[in-house]
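Q: Below you will find the structure I want to go over with you.
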Amino acid sequence: MPVRAFIDSDVIIASLISQTGASHLLYNNTSQITLYISNVSHKELEKVVGRLNLDLHKLAARIQSTLHVIQLAQTIAEIKKAYQDYVTDQDDAHIVAGAKAANAQFLVTYNIKHFVANKLKQDFSIILVTPANVLQYLRSR
Amino acid sequence: MFCLVWYKLIMKDNLTYQKTYTPAQVAAMLQLSKNTVYGLINRGEIIAKRIGKVYRIPASSIAFVFTGLDDDLVKAQQQDLEGINAIEKELARVRAGL
């Protein structure tokens, strides 16, 4: 059974920039891992891709072909309040909300220090990892 | 003086060579038997170089012992990390405005 992983936006952007980086390698393992983003992270991805002059079509194609989009019903303010204990920066709260809504086993990010790893594990059984860590895990299954 | 300069050049070149280990050393590190390590070498799970009658195993073959990651994943991660600061900066700006 594939593992479920919620992917932070920094990992998605990194995968658009480098085809040989660890972020991009995640997409080669879709038989073992199901990748999620949320409607909120979809919105921010489009903005960041625009600001970094990356290819919006490439992002759209990536989302359509490999990523599952979870819909978060709460407002940003509600999400920040509900998940403030799981992040060191409240602006990142929607990532935790998305990981929880996706029932993810892993939250994949390079922004490790912005999340409270032990509380994520304790309360939601979500493991905070970098892309290379989850790839290493998949090799050992 | 020339000998000193030549010596320093040789040593500096040697320092860039990757460290290698014997099967016995790798067995101790991995808490496996030497026979198991030879088996892993034969199956290609540990890449080693046979020199005469002995094997030497480069550090990259057992990179995960030092980094927790296979060598290719260390390199793949490094590729991503080259541009990550710029990504995080723009992401932080966008998130603050959501």
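Chain identifiers are assigned as A, B, and so on, following the order in which chains appear in the structure tokens; residues are numbered from 1 within each chain, and ligands are numbered from 1 in order of appearance.
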Would you mind listing what lies within 9 Å of Gly68 of chain B as a PyMOL selection string, with only C-alpha atoms counted and same-chain residues fewer than 4 positions away left out?
A: (chain A and resi 133+136) or (chain B and resi 63-64+74)
Q: Give me the residues near Tyr21 of chain B as a ChimeraX atom specification, where near means some atom within 8 Å (using only C-alpha atoms) and where sequence neighbours in that chain fewer than 4 positions away do not count.
A: /B:25-26,56-59
Q: Provide as a ChimeraX atom specification the residues of chain B at most 8 Å from chain A, counting only C-alpha atoms.
A: /B:69-70,73-80,83-84,87-88,90-92,94-96,98
Q: Kindly export the residues of the current selection with N, CA and C atoms, as a CSV table (one decimal), in the first residue's frame.
A:
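What follows is the written file selection_19.csv:
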chain,number,residue,atom,x,y,z
B,69,LEU,N,21.9,8.7,4.7
B,69,LEU,CA,21.4,8.6,3.3
B,69,LEU,C,22.4,7.9,2.4
B,70,ASP,N,21.8,7.2,1.4
B,70,ASP,CA,22.7,6.7,0.3
B,70,ASP,C,23.4,7.8,-0.4
B,73,LEU,N,21.5,10.0,-2.9
B,73,LEU,CA,20.5,10.9,-2.3
B,73,LEU,C,21.1,12.1,-1.6
B,74,VAL,N,22.3,11.9,-1.1
B,74,VAL,CA,23.1,13.0,-0.5
B,74,VAL,C,23.3,14.1,-1.6
B,75,LYS,N,23.8,13.6,-2.8
B,75,LYS,CA,24.0,14.5,-3.9
B,75,LYS,C,22.8,15.1,-4.4
B,76,ALA,N,21.7,14.3,-4.5
B,76,ALA,CA,20.4,14.9,-5.0
B,76,ALA,C,19.9,15.9,-4.0
B,77,GLN,N,20.1,15.7,-2.8
B,77,GLN,CA,19.6,16.7,-1.8
B,77,GLN,C,20.5,18.0,-1.9
B,78,GLN,N,21.8,17.8,-2.1
B,78,GLN,CA,22.6,19.0,-2.3
B,78,GLN,C,22.2,19.8,-3.5
B,79,GLN,N,21.8,19.2,-4.5
B,79,GLN,CA,21.3,19.9,-5.7
B,79,GLN,C,20.1,20.8,-5.4
B,80,ASP,N,19.2,20.2,-4.6
B,80,ASP,CA,18.0,21.0,-4.2
B,80,ASP,C,18.4,22.2,-3.3
B,83,GLY,N,19.5,26.0,-4.3
B,83,GLY,CA,18.6,27.1,-4.6
B,83,GLY,C,17.5,27.3,-3.6
B,84,ILE,N,17.6,26.6,-2.5
B,84,ILE,CA,16.5,26.6,-1.5
B,84,ILE,C,16.3,27.9,-0.8
B,87,ILE,N,14.0,30.1,-2.8
B,87,ILE,CA,12.7,29.6,-2.8
B,87,ILE,C,12.0,29.9,-1.5
B,88,GLU,N,12.7,29.7,-0.3
B,88,GLU,CA,12.1,30.0,1.0
B,88,GLU,C,11.8,31.5,1.2
B,90,GLU,N,10.9,33.7,-1.2
B,90,GLU,CA,9.7,34.1,-1.9
B,90,GLU,C,8.5,33.4,-1.3
B,91,LEU,N,8.6,32.2,-0.9
B,91,LEU,CA,7.5,31.5,-0.3
B,91,LEU,C,7.1,32.2,1.0
B,92,ALA,N,8.0,32.7,1.8
B,92,ALA,CA,7.7,33.4,3.0
B,92,ALA,C,6.9,34.7,2.7
B,94,VAL,N,5.0,35.3,0.0
B,94,VAL,CA,3.7,34.9,-0.5
B,94,VAL,C,2.8,34.5,0.7
B,95,ARG,N,3.4,33.7,1.6
B,95,ARG,CA,2.6,33.1,2.7
B,95,ARG,C,2.1,34.2,3.6
B,96,ALA,N,2.9,35.2,3.8
B,96,ALA,CA,2.6,36.3,4.7
B,96,ALA,C,1.4,37.1,4.2
B,98,LEU,N,-1.2,35.7,2.3
B,98,LEU,CA,-2.3,34.8,2.0
B,98,LEU,C,-3.6,35.3,2.8
Q: Kindly give the distance, in Å, that separates atom CA of Ile46 of chain B and atom CA of Ser61 of chain B, rounded to a single decimal.
A: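 Atom CA of Ile46 of chain B sits 5.8 Å away from atom CA of Ser61 of chain B.
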Q: Check the DSSP output for the backbone and give back, as a PyMOL selection string, the residues of chain B in alpha helix (DSSP H).
A: chain B and resi 2-15+23-30+34-43+63-67+71-82+84-96
Q: Looking at A:Lys113, A:Lys121, A:Arg141, A:Lys81, which one is nearest to Lys100 of chain A, with distances taken over only C-alpha atoms?
A: A:Lys121
Q: Quick check, in Å to one decimal: how far apart do atom CA of Phe6 of chain A and atom CA of Tyr86 of chain A lie?
A: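 Computing it gives 15.0 Å between the two atoms.
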Q: Using only C-alpha atoms for the distances, tell me which of A:His42, A:Lys119, A:Arg4, A:Arg62 is nearest to Tyr83 of chain A.
A: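 Among the listed residues, the smallest separation from Tyr83 of chain A belongs to A:Lys119.
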Q: Please measure the separation of atom CA of Val116 of chain A and atom CA of Val87 of chain A, giving the value in Å to one decimal.
A: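 Answer for the atom CA of Val116 of chain A to atom CA of Val87 of chain A separation: 5.5 Å.
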Q: Run DSSP on the backbone and give me the residues of segment 2-137 of chain A it puts in strand (DSSP E or B), as a list in words.
A: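 DSSP-assigned strand (DSSP E or B) residues in segment 2-137 of chain A: Val3, Arg4, Ala5, Phe6, Ile7, Ile33, Thr34, Leu35, Tyr36, Ile37, Ser38, Leu67, His68, Val69, Ile70, Val87, Phe106, Leu107, Val108, Phe115, Ile127, Leu128 and Val129 of chain A.
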Q: Would you mind listing what lies within 10 Å of segment 38-44 of chain B as a PyMOL selection string, with only C-alpha atoms counted and same-chain residues fewer than 2 positions away left out?
A: chain B and resi 23-24+27+33-36+46-49+55+57
Q: Taking only C-alpha atoms into account, which of A:Gln122, A:Asn39, A:Asn28, A:Thr109 comes nearest Asp8 of chain A?
A: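 Result for the nearest residue to Asp8 of chain A: A:Thr109.
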Q: Segment 31-33 of chain A: which residues within 7 Å, counting only C-alpha atoms, same-chain residues fewer than 3 positions away excluded, as a list of chain:residue names?
A: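 Within the cut-off, the hits are A:Pro2, A:Val3, A:Arg4, A:Ala5.
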Q: Would you mind exporting the chosen residues as a PDB file, in the first residue's frame, restricted to N, CA, C and O atoms?
A:
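Saved file result38.pdb follows:
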ATOM      1  N   PRO A   2       0.587   2.218  -0.918  1.00  0.00           N
ATOM      2  CA  PRO A   2       1.457   3.403  -0.984  1.00  0.00           C
ATOM      3  C   PRO A   2       1.363   4.226   0.304  1.00  0.00           C
ATOM      4  O   PRO A   2       0.297   4.314   0.915  1.00  0.00           O
ATOM      5  N   VAL A   3       2.469   4.836   0.682  1.00  0.00           N
ATOM      6  CA  VAL A   3       2.421   5.750   1.826  1.00  0.00           C
ATOM      7  C   VAL A   3       1.849   7.088   1.348  1.00  0.00           C
ATOM      8  O   VAL A   3       1.902   7.410   0.171  1.00  0.00           O
ATOM      9  N   ARG A   4       1.288   7.830   2.285  1.00  0.00           N
ATOM     10  CA  ARG A   4       0.702   9.135   1.956  1.00  0.00           C
ATOM     11  C   ARG A   4       1.630  10.229   2.471  1.00  0.00           C
ATOM     12  O   ARG A   4       2.028  10.215   3.637  1.00  0.00           O
ATOM     13  N   ALA A   5       1.960  11.156   1.595  1.00  0.00           N
ATOM     14  CA  ALA A   5       2.874  12.229   1.985  1.00  0.00           C
ATOM     15  C   ALA A   5       2.328  13.570   1.530  1.00  0.00           C
ATOM     16  O   ALA A   5       1.919  13.721   0.380  1.00  0.00           O
TER      17      ALA A   5
END
